[in-house]
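For reference, run_15.csv is printed below; it contains CSV, C-alpha atoms and all ligand atoms.
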```
chain,number,residue,atom,x,y,z
A,114,MET,CA,-1.4,14.2,-13.7
A,115,SER,CA,-3.3,17.4,-14.1
A,116,GLU,CA,-6.4,18.2,-12.1
A,117,LYS,CA,-9.6,17.0,-13.9
A,118,ARG,CA,-12.5,19.4,-14.4
A,119,ILE,CA,-15.9,18.1,-13.3
A,120,VAL,CA,-19.4,19.4,-13.9
A,121,VAL,CA,-22.2,18.1,-11.6
A,122,LEU,CA,-25.9,18.1,-12.6
A,123,ILE,CA,-28.5,18.0,-9.8
A,124,SER,CA,-32.2,18.4,-9.3
A,125,GLY,CA,-32.5,18.2,-5.5
A,126,SER,CA,-30.8,17.8,-2.2
A,127,GLY,CA,-27.3,17.2,-3.6
A,128,SER,CA,-26.1,14.9,-0.8
A,129,ASN,CA,-24.0,13.0,-3.4
A,130,LEU,CA,-22.7,16.3,-4.6
A,131,GLN,CA,-21.7,17.1,-1.0
A,132,ALA,CA,-19.9,13.7,-0.7
A,133,ILE,CA,-17.8,14.6,-3.8
A,134,ILE,CA,-17.1,18.1,-2.5
A,135,ASP,CA,-15.9,16.7,0.8
A,136,SER,CA,-13.8,14.1,-0.9
A,137,ILE,CA,-12.1,16.7,-3.1
A,138,ALA,CA,-11.5,18.9,0.0
A,139,ALA,CA,-10.0,15.8,1.7
A,140,GLY,CA,-7.5,15.5,-1.2
A,141,SER,CA,-9.0,12.1,-2.3
A,142,ILE,CA,-9.9,13.3,-5.8
A,143,ALA,CA,-7.5,14.8,-8.3
A,144,GLY,CA,-10.1,17.1,-9.7
A,145,ARG,CA,-12.2,20.1,-9.0
A,146,ILE,CA,-15.9,20.9,-9.6
A,147,ALA,CA,-16.0,23.6,-12.3
A,148,ALA,CA,-19.8,24.1,-12.0
A,149,VAL,CA,-23.0,22.7,-10.5
A,150,ILE,CA,-26.0,22.9,-12.8
A,151,SER,CA,-29.6,22.4,-11.6
A,152,ASN,CA,-32.8,22.3,-13.6
A,153,ARG,CA,-34.6,23.4,-10.4
A,154,ALA,CA,-34.0,26.8,-8.8
A,155,ASP,CA,-35.0,25.4,-5.3
A,156,ALA,CA,-32.5,22.5,-5.3
A,157,TYR,CA,-30.7,22.6,-2.0
A,158,GLY,CA,-27.6,21.3,-3.8
A,159,LEU,CA,-27.1,24.8,-5.2
A,160,THR,CA,-26.6,26.1,-1.7
A,161,ARG,CA,-24.1,23.3,-1.0
A,162,ALA,CA,-22.2,24.4,-4.1
A,163,SER,CA,-22.3,28.1,-3.2
A,164,ASN,CA,-21.1,27.3,0.3
A,165,ALA,CA,-18.1,25.5,-1.3
A,166,GLY,CA,-17.4,28.5,-3.6
A,167,ILE,CA,-18.5,26.6,-6.7
A,168,ASP,CA,-20.0,28.3,-9.8
A,169,THR,CA,-23.8,27.4,-10.1
A,170,GLN,CA,-26.3,27.7,-12.9
A,171,VAL,CA,-30.0,27.1,-13.0
A,172,MET,CA,-31.5,25.9,-16.2
A,173,ASP,CA,-35.2,25.4,-16.0
A,174,HIS,CA,-36.3,22.8,-18.5
A,175,LYS,CA,-39.8,24.2,-18.5
A,176,GLN,CA,-38.4,27.3,-20.3
A,177,TYR,CA,-37.6,25.3,-23.4
A,178,PRO,CA,-40.0,24.1,-26.1
A,179,ASP,CA,-38.9,20.4,-26.0
A,180,ARG,CA,-36.4,18.0,-24.6
A,181,ALA,CA,-34.0,18.4,-27.5
A,182,ALA,CA,-33.9,22.2,-27.1
A,183,PHE,CA,-33.2,21.9,-23.4
A,184,ASP,CA,-30.5,19.3,-23.8
A,185,ASN,CA,-28.8,21.4,-26.5
A,186,ALA,CA,-28.7,24.4,-24.3
A,187,LEU,CA,-27.6,22.3,-21.4
A,188,GLN,CA,-24.8,20.8,-23.5
A,189,GLU,CA,-23.7,24.3,-24.5
A,190,THR,CA,-23.5,25.4,-20.9
A,191,ILE,CA,-21.7,22.3,-19.7
A,192,ASP,CA,-19.2,22.6,-22.6
A,193,GLY,CA,-18.4,26.2,-21.6
A,194,TYR,CA,-16.7,24.6,-18.6
A,195,GLN,CA,-14.7,22.2,-20.7
A,196,PRO,CA,-15.3,19.2,-18.4
A,197,ASP,CA,-13.3,16.0,-18.4
A,198,LEU,CA,-16.2,14.4,-16.5
A,199,VAL,CA,-19.9,15.1,-16.2
A,200,VAL,CA,-21.6,13.7,-13.0
A,201,LEU,CA,-25.3,13.1,-12.8
A,202,ALA,CA,-26.1,13.3,-9.0
A,203,GLY,CA,-29.9,13.1,-8.6
A,204,PHE,CA,-30.5,14.9,-12.0
A,205,MET,CA,-34.2,13.9,-12.6
A,206,ARG,CA,-34.3,14.3,-16.3
A,207,ILE,CA,-34.1,11.7,-19.1
A,208,LEU,CA,-31.4,12.8,-21.5
A,209,THR,CA,-31.5,12.6,-25.3
A,210,PRO,CA,-29.4,10.1,-27.2
A,211,ASP,CA,-27.5,13.0,-28.8
A,212,PHE,CA,-26.6,14.4,-25.4
A,213,VAL,CA,-25.5,11.1,-24.0
A,214,ARG,CA,-23.4,10.3,-27.1
A,215,HIS,CA,-21.7,13.7,-26.9
A,216,TYR,CA,-20.4,12.7,-23.4
A,217,ALA,CA,-19.7,9.1,-24.1
A,218,GLY,CA,-17.0,7.7,-21.7
A,219,ARG,CA,-17.1,10.8,-19.5
A,220,LEU,CA,-20.7,10.7,-18.1
A,221,PHE,CA,-21.4,9.0,-14.8
A,222,ASN,CA,-24.7,8.3,-13.0
A,223,ILE,CA,-25.5,6.8,-9.6
A,224,HIS,CA,-28.6,4.6,-9.3
A,225,PRO,CA,-30.2,3.3,-6.1
A,226,SER,CA,-30.3,-0.4,-7.0
A,227,LEU,CA,-28.0,-3.2,-7.8
A,228,LEU,CA,-28.2,-2.8,-11.6
A,229,PRO,CA,-29.3,-4.4,-13.8
A,230,LEU,CA,-32.1,-4.9,-11.2
A,231,HIS,CA,-34.7,-2.2,-10.8
A,232,LYS,CA,-34.0,0.4,-13.5
A,233,GLY,CA,-36.1,3.5,-13.2
A,234,LEU,CA,-37.9,4.9,-10.1
A,235,HIS,CA,-39.2,3.5,-6.8
A,236,THR,CA,-36.2,1.1,-6.6
A,237,HIS,CA,-36.4,0.5,-2.8
A,238,GLN,CA,-40.0,-0.5,-2.9
A,239,ARG,CA,-39.5,-2.7,-5.9
A,240,ALA,CA,-36.5,-4.5,-4.2
A,241,LEU,CA,-38.8,-5.2,-1.2
A,242,GLU,CA,-41.7,-6.4,-3.4
A,243,ALA,CA,-39.4,-8.7,-5.4
A,244,GLY,CA,-38.1,-10.3,-2.1
A,245,ASP,CA,-34.5,-9.5,-3.0
A,246,PRO,CA,-32.1,-10.8,-0.4
A,247,GLU,CA,-29.9,-7.8,-1.1
A,248,HIS,CA,-30.2,-4.3,-2.4
A,249,GLY,CA,-27.8,-1.4,-2.9
A,250,CYS,CA,-26.5,1.2,-5.4
A,251,THR,CA,-24.5,1.4,-8.5
A,252,VAL,CA,-22.2,3.9,-10.3
A,253,HIS,CA,-22.2,3.4,-14.0
A,254,PHE,CA,-21.2,5.1,-17.3
A,255,VAL,CA,-24.3,6.5,-19.0
A,256,THR,CA,-25.3,5.2,-22.4
A,257,GLU,CA,-28.4,5.6,-24.4
A,258,GLU,CA,-30.2,2.9,-22.5
A,259,LEU,CA,-31.8,4.3,-19.4
A,260,ASP,CA,-29.9,3.0,-16.3
A,261,GLY,CA,-28.3,0.5,-18.7
A,262,GLY,CA,-24.7,1.7,-19.2
A,263,PRO,CA,-21.6,-0.3,-18.1
A,264,LEU,CA,-21.2,-0.7,-14.4
A,265,VAL,CA,-18.2,0.7,-12.5
A,266,VAL,CA,-18.9,-0.1,-8.8
A,267,GLN,CA,-21.7,-1.5,-6.8
A,268,ALA,CA,-22.3,-1.5,-3.0
A,269,PRO,CA,-24.7,-4.1,-1.6
A,270,ILE,CA,-26.6,-4.1,1.6
A,271,PRO,CA,-28.6,-7.0,3.0
A,272,VAL,CA,-32.4,-6.6,3.1
A,273,LEU,CA,-33.3,-7.1,6.7
A,274,PRO,CA,-36.6,-8.4,8.3
A,275,GLY,CA,-38.7,-5.3,9.1
A,276,ASP,CA,-37.1,-3.1,6.4
A,277,ASP,CA,-39.3,-0.7,4.5
A,278,ALA,CA,-38.6,1.5,1.5
A,279,GLU,CA,-37.5,4.3,3.8
A,280,SER,CA,-35.0,2.3,5.9
A,281,LEU,CA,-33.6,0.8,2.7
A,282,GLN,CA,-33.2,4.2,1.2
A,283,GLN,CA,-31.4,5.5,4.2
A,284,ARG,CA,-28.9,2.7,4.3
A,285,VAL,CA,-28.4,2.8,0.5
A,286,HIS,CA,-27.8,6.6,0.6
A,287,ILE,CA,-24.9,6.1,3.1
A,288,LEU,CA,-23.2,3.8,0.6
A,289,GLU,CA,-23.9,6.1,-2.3
A,290,HIS,CA,-21.9,8.7,-0.6
A,291,LYS,CA,-19.0,6.3,-0.5
A,292,ILE,CA,-19.0,4.8,-3.9
A,293,TYR,CA,-19.7,8.0,-5.9
A,294,PRO,CA,-16.6,9.8,-4.7
A,295,LEU,CA,-14.6,6.6,-5.1
A,296,ALA,CA,-15.6,6.2,-8.8
A,297,VAL,CA,-14.9,9.9,-9.5
A,298,ALA,CA,-11.5,9.5,-7.8
A,299,TRP,CA,-10.7,6.6,-10.1
A,300,PHE,CA,-11.8,8.4,-13.1
A,301,CYS,CA,-9.8,11.5,-12.3
A,302,ALA,CA,-6.7,9.4,-11.6
A,303,GLY,CA,-7.1,8.1,-15.2
A,304,ARG,CA,-7.8,4.5,-14.0
A,305,LEU,CA,-11.2,4.0,-15.7
A,306,GLU,CA,-11.8,3.8,-19.4
A,307,LEU,CA,-15.0,3.0,-21.3
A,308,THR,CA,-14.3,0.8,-24.3
A,309,ALA,CA,-16.5,-0.9,-26.9
A,310,THR,CA,-16.3,-4.1,-24.9
A,311,GLY,CA,-16.8,-2.7,-21.4
A,312,VAL,CA,-15.0,-0.8,-18.6
A,313,LEU,CA,-11.2,-1.1,-18.1
A,314,PHE,CA,-9.7,-0.5,-14.7
A,315,ASP,CA,-5.9,0.1,-14.9
A,316,GLY,CA,-6.2,-1.4,-18.3
A,317,THR,CA,-7.9,-4.6,-17.2
A,318,PRO,CA,-11.6,-5.4,-17.9
A,319,LEU,CA,-13.9,-5.0,-15.0
A,320,PRO,CA,-16.5,-7.8,-14.4
A,321,ALA,CA,-20.0,-7.0,-15.8
A,322,ASN,CA,-21.2,-5.9,-12.3
A,323,GLY,CA,-18.2,-3.7,-11.7
A,324,PHE,CA,-16.3,-3.6,-8.4
A,325,ARG,CA,-18.3,-4.9,-5.4
A,326,TYR,CA,-17.7,-2.4,-2.6
A,327,THR,CA,-17.8,-3.5,1.0
A,328,ASP,CA,-17.2,-1.4,4.1
A,329,GLU,CA,-14.6,-3.8,5.5
B,1,LIG,C1,-29.9,9.4,-5.0
B,1,LIG,O1,-30.7,8.4,-4.3
B,1,LIG,C2,-29.5,8.8,-6.3
B,1,LIG,O2,-29.2,7.5,-6.3
B,1,LIG,C3,-30.6,9.1,-7.3
B,1,LIG,O3,-31.1,10.4,-6.8
B,1,LIG,C4,-30.8,10.6,-5.4
B,1,LIG,C5,-30.1,11.9,-5.3
B,1,LIG,O4,-29.9,12.2,-4.0
B,1,LIG,N1,-30.2,9.1,-8.6
B,1,LIG,P1,-29.0,13.5,-3.6
B,1,LIG,O5,-29.7,14.7,-4.3
B,1,LIG,O6,-27.6,13.3,-4.0
B,1,LIG,O7,-29.2,13.7,-2.1
```

For this file, write the structure as C-alpha cells.
Ligand code: GRF
Amino acid sequence: MSEKRIVVLISGSGSNLQAIIDSIAAGSIAGRIAAVISNRADAYGLTRASNAGIDTQVMDHKQYPDRAAFDNALQETIDGYQPDLVVLAGFMRILTPDFVRHYAGRLFNIHPSLLPLHKGLHTHQRALEAGDPEHGCTVHFVTEELDGGPLVVQAPIPVLPGDDAESLQQRVHILEHKIYPLAVAWFCAGRLELTATGVLFDGTPLPANGFRYTDE
C-alpha cells in the first residue's frame, strides 16, 4: 500500500506530534508528515517539525476577519499538501462545520478524557471533581459536534488517592503518546473507515467506545 500523506495541526508543545514523528521514524506508520501547521508562531512543535525536516507553516488566526475566513484559508493551505489524513494535535481552535465536513472521515483529534465524559477544557480537574474512578484519553474522528465524533481508541488510567490535575495530566499524556501513533498507523494501513453507522476496523464495527488500550 502506498505511503499516506499526513498534515498535523498544532498550537503548542507538539509532544503528540513528536510521538507520531518518532513512530514514523521507527517504521510503525506507513505514512509521512507532509506539513505541520500552527496558528501560533511560538509553538514549540514547529521546532520539533523543523528538526525532523518537515515543512512548517504558521497561520495566525488573528490576521483573519472571522473564523470562516481563517478556516477557508487553512483548508486551502492544507489541501495544497493533498493529505489523506489531517491530525489535530493540540490545535486550540474550534473548527467551522464546513471545514469539518470537508475532511469527513480523514480528520482525527485526541482529547484528554474518556469521551463522552468531559468534553471541552479542564478535563483533568473535572474528572477529579466528578469523583471518576478512572480517567484517560481518546482518539476520535472529528465531526461537527465538539469532541463528539466516533471514537477510535481510548486509554484508561485509574484515578489514585492523592492525584491532582497535574499528576493526572502527566499520566494521561504518556498514554496519548501511545494511542495517537497507534490510531494513525491503523488509518494509514487502511484499517479504519468512518461510515454513517460508526467506525469500521478491518471491516468490522468498533464498539461505541472504540478500542480500549492497555499497556499489557
Ligand atoms: C494534549 O493534552 C491533547 O490531548 C490536547 O492538547 C494537548 C496537546 O499537547 N488536545 P501537545 O501539544 O501534543 O504536547

Contacts with ligand LIG 1 (chain B) at most 7 Å, only C-alpha atoms and all ligand atoms counted, listed as JSON, numbers by chain
{"A": [123, 124, 125, 126, 127, 128, 129, 130, 158, 202, 203, 204, 223, 224, 225, 250, 286, 289]}

Shell of 8 Å around Gly261 of chain A, only C-alpha atoms, local chain residues under 4 positions omitted, as a PDB file with C-alpha atoms, in the coordinates of the input:
```pdb
ATOM      1  CA  LEU A 228     -28.200  -2.800 -11.600  1.00  0.00           C
ATOM      2  CA  PRO A 229     -29.300  -4.400 -13.800  1.00  0.00           C
ATOM      3  CA  LYS A 232     -34.000   0.400 -13.500  1.00  0.00           C
ATOM      4  CA  VAL A 255     -24.300   6.500 -19.000  1.00  0.00           C
ATOM      5  CA  THR A 256     -25.300   5.200 -22.400  1.00  0.00           C
ATOM      6  CA  GLU A 257     -28.400   5.600 -24.400  1.00  0.00           C
TER       7      GLU A 257
END
```

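Atom pair atom CA of Ala302 of chain A / atom CA of Phe314 of chain A: separated by 10.8 Å.
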
What does the distance between atom CA of Ala321 of chain A and atom CA of His235 of chain A come to in Å, to one decimal place?
23.7 Å

Give me the residues within 9 Å of Leu187 of chain A as number ranges by chain, counting all atoms listed in the file and dropping any in the same chain fewer than 6 places off.
A: 150, 172, 212

Write the residues of the preceding selection, restricted to C-alpha atoms, as a PDB file, in the coordinates of the input.
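Saved as result_24.pdb:
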```pdb
ATOM      1  CA  ILE A 150     -26.000  22.900 -12.800  1.00  0.00           C
ATOM      2  CA  MET A 172     -31.500  25.900 -16.200  1.00  0.00           C
ATOM      3  CA  PHE A 212     -26.600  14.400 -25.400  1.00  0.00           C
TER       4      PHE A 212
END
```

I'd like the contact shell of Gly193 of chain A - 12 Å cut-off, only C-alpha atoms, skipping same-chain residues fewer than 3 positions apart - returned as an NGL selection string.
:A and (118-120 or 147-148 or 170 or 186-190 or 196-197)

Selection file, C-alpha atoms, as a PDB file, in the frame of the given file:
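As written to disk, out.pdb reads:
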```
ATOM      1  CA  ARG A 118     -12.500  19.400 -14.400  1.00  0.00           C
ATOM      2  CA  ILE A 119     -15.900  18.100 -13.300  1.00  0.00           C
ATOM      3  CA  VAL A 120     -19.400  19.400 -13.900  1.00  0.00           C
ATOM      4  CA  ALA A 147     -16.000  23.600 -12.300  1.00  0.00           C
ATOM      5  CA  ALA A 148     -19.800  24.100 -12.000  1.00  0.00           C
ATOM      6  CA  GLN A 170     -26.300  27.700 -12.900  1.00  0.00           C
ATOM      7  CA  ALA A 186     -28.700  24.400 -24.300  1.00  0.00           C
ATOM      8  CA  LEU A 187     -27.600  22.300 -21.400  1.00  0.00           C
ATOM      9  CA  GLN A 188     -24.800  20.800 -23.500  1.00  0.00           C
ATOM     10  CA  GLU A 189     -23.700  24.300 -24.500  1.00  0.00           C
ATOM     11  CA  THR A 190     -23.500  25.400 -20.900  1.00  0.00           C
ATOM     12  CA  PRO A 196     -15.300  19.200 -18.400  1.00  0.00           C
ATOM     13  CA  ASP A 197     -13.300  16.000 -18.400  1.00  0.00           C
TER      14      ASP A 197
END
```

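Note that atom CA of Tyr293 of chain A and atom CA of Thr169 of chain A are 20.3 Å apart.
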
Nearest to Ile133 of chain A by atom-to-atom distance, counting all atoms listed in the file, from A:Lys291, A:Arg214, A:His237, A:His253
A:Lys291

Check the smallest atom-to-atom distance from each of A:Glu306, A:Gly166, A:Val312, A:His248 to Gln283 of chain A using only C-alpha atoms, then report the winner.
A:His248

Restricted to N, CA and C atoms, what does segment 167-197 of chain A look like when written out as a tab-separated table (two decimals), in the first residue's frame?
```
chain	number	residue	atom	x	y	z
A	167	ILE	N	10.54	18.51	8.43
A	167	ILE	CA	9.16	18.61	7.94
A	167	ILE	C	8.82	20.06	7.62
A	168	ASP	N	8.13	20.26	6.52
A	168	ASP	CA	7.66	21.57	6.10
A	168	ASP	C	6.75	22.17	7.19
A	169	THR	N	6.94	23.44	7.51
A	169	THR	CA	6.07	24.08	8.52
A	169	THR	C	5.42	25.34	7.96
A	170	GLN	N	4.26	25.65	8.50
A	170	GLN	CA	3.56	26.87	8.13
A	170	GLN	C	2.97	27.46	9.40
A	171	VAL	N	3.03	28.80	9.51
A	171	VAL	CA	2.33	29.49	10.60
A	171	VAL	C	1.19	30.25	9.98
A	172	MET	N	-0.01	30.03	10.50
A	172	MET	CA	-1.18	30.79	10.04
A	172	MET	C	-1.84	31.37	11.28
A	173	ASP	N	-1.65	32.67	11.47
A	173	ASP	CA	-2.14	33.33	12.68
A	173	ASP	C	-3.61	33.69	12.49
A	174	HIS	N	-4.47	33.06	13.28
A	174	HIS	CA	-5.91	33.28	13.10
A	174	HIS	C	-6.30	34.74	13.34
A	175	LYS	N	-5.45	35.47	14.10
A	175	LYS	CA	-5.79	36.87	14.41
A	175	LYS	C	-5.65	37.77	13.17
A	176	GLN	N	-5.01	37.25	12.15
A	176	GLN	CA	-4.85	38.03	10.91
A	176	GLN	C	-6.06	37.92	9.98
A	177	TYR	N	-7.08	37.17	10.42
A	177	TYR	CA	-8.25	36.96	9.55
A	177	TYR	C	-9.47	37.61	10.20
A	178	PRO	N	-10.41	38.11	9.38
A	178	PRO	CA	-11.55	38.84	9.94
A	178	PRO	C	-12.47	37.99	10.80
A	179	ASP	N	-12.62	36.72	10.47
A	179	ASP	CA	-13.51	35.89	11.27
A	179	ASP	C	-13.11	34.41	11.14
A	180	ARG	N	-13.82	33.58	11.87
A	180	ARG	CA	-13.50	32.16	11.94
A	180	ARG	C	-13.60	31.51	10.55
A	181	ALA	N	-14.65	31.88	9.81
A	181	ALA	CA	-14.85	31.25	8.49
A	181	ALA	C	-13.69	31.62	7.54
A	182	ALA	N	-13.25	32.87	7.60
A	182	ALA	CA	-12.15	33.30	6.72
A	182	ALA	C	-10.87	32.54	7.06
A	183	PHE	N	-10.60	32.38	8.36
A	183	PHE	CA	-9.41	31.63	8.76
A	183	PHE	C	-9.52	30.18	8.32
A	184	ASP	N	-10.65	29.57	8.59
A	184	ASP	CA	-10.80	28.15	8.25
A	184	ASP	C	-10.72	27.92	6.74
A	185	ASN	N	-11.24	28.86	5.95
A	185	ASN	CA	-11.12	28.73	4.49
A	185	ASN	C	-9.66	28.75	4.06
A	186	ALA	N	-8.93	29.71	4.63
A	186	ALA	CA	-7.51	29.83	4.27
A	186	ALA	C	-6.74	28.60	4.75
A	187	LEU	N	-7.08	28.13	5.94
A	187	LEU	CA	-6.42	26.94	6.49
A	187	LEU	C	-6.68	25.74	5.58
A	188	GLN	N	-7.92	25.60	5.17
A	188	GLN	CA	-8.30	24.48	4.30
A	188	GLN	C	-7.50	24.52	2.99
A	189	GLU	N	-7.37	25.73	2.45
A	189	GLU	CA	-6.62	25.88	1.20
A	189	GLU	C	-5.17	25.45	1.38
A	190	THR	N	-4.58	25.89	2.49
A	190	THR	CA	-3.19	25.53	2.76
A	190	THR	C	-3.05	24.02	2.94
A	191	ILE	N	-3.93	23.46	3.74
A	191	ILE	CA	-3.87	22.00	3.97
A	191	ILE	C	-4.01	21.26	2.65
A	192	ASP	N	-4.99	21.66	1.85
A	192	ASP	CA	-5.27	20.92	0.62
A	192	ASP	C	-4.13	21.02	-0.39
A	193	GLY	N	-3.32	22.07	-0.26
A	193	GLY	CA	-2.11	22.17	-1.09
A	193	GLY	C	-1.18	20.99	-0.88
A	194	TYR	N	-1.28	20.32	0.27
A	194	TYR	CA	-0.44	19.16	0.58
A	194	TYR	C	-1.14	17.84	0.23
A	195	GLN	N	-2.37	17.91	-0.24
A	195	GLN	CA	-3.14	16.72	-0.64
A	195	GLN	C	-3.10	15.60	0.40
A	196	PRO	N	-3.52	15.91	1.61
A	196	PRO	CA	-3.39	14.90	2.66
A	196	PRO	C	-4.45	13.79	2.58
A	197	ASP	N	-4.04	12.60	2.99
A	197	ASP	CA	-5.01	11.51	3.20
A	197	ASP	C	-5.62	11.63	4.59
```
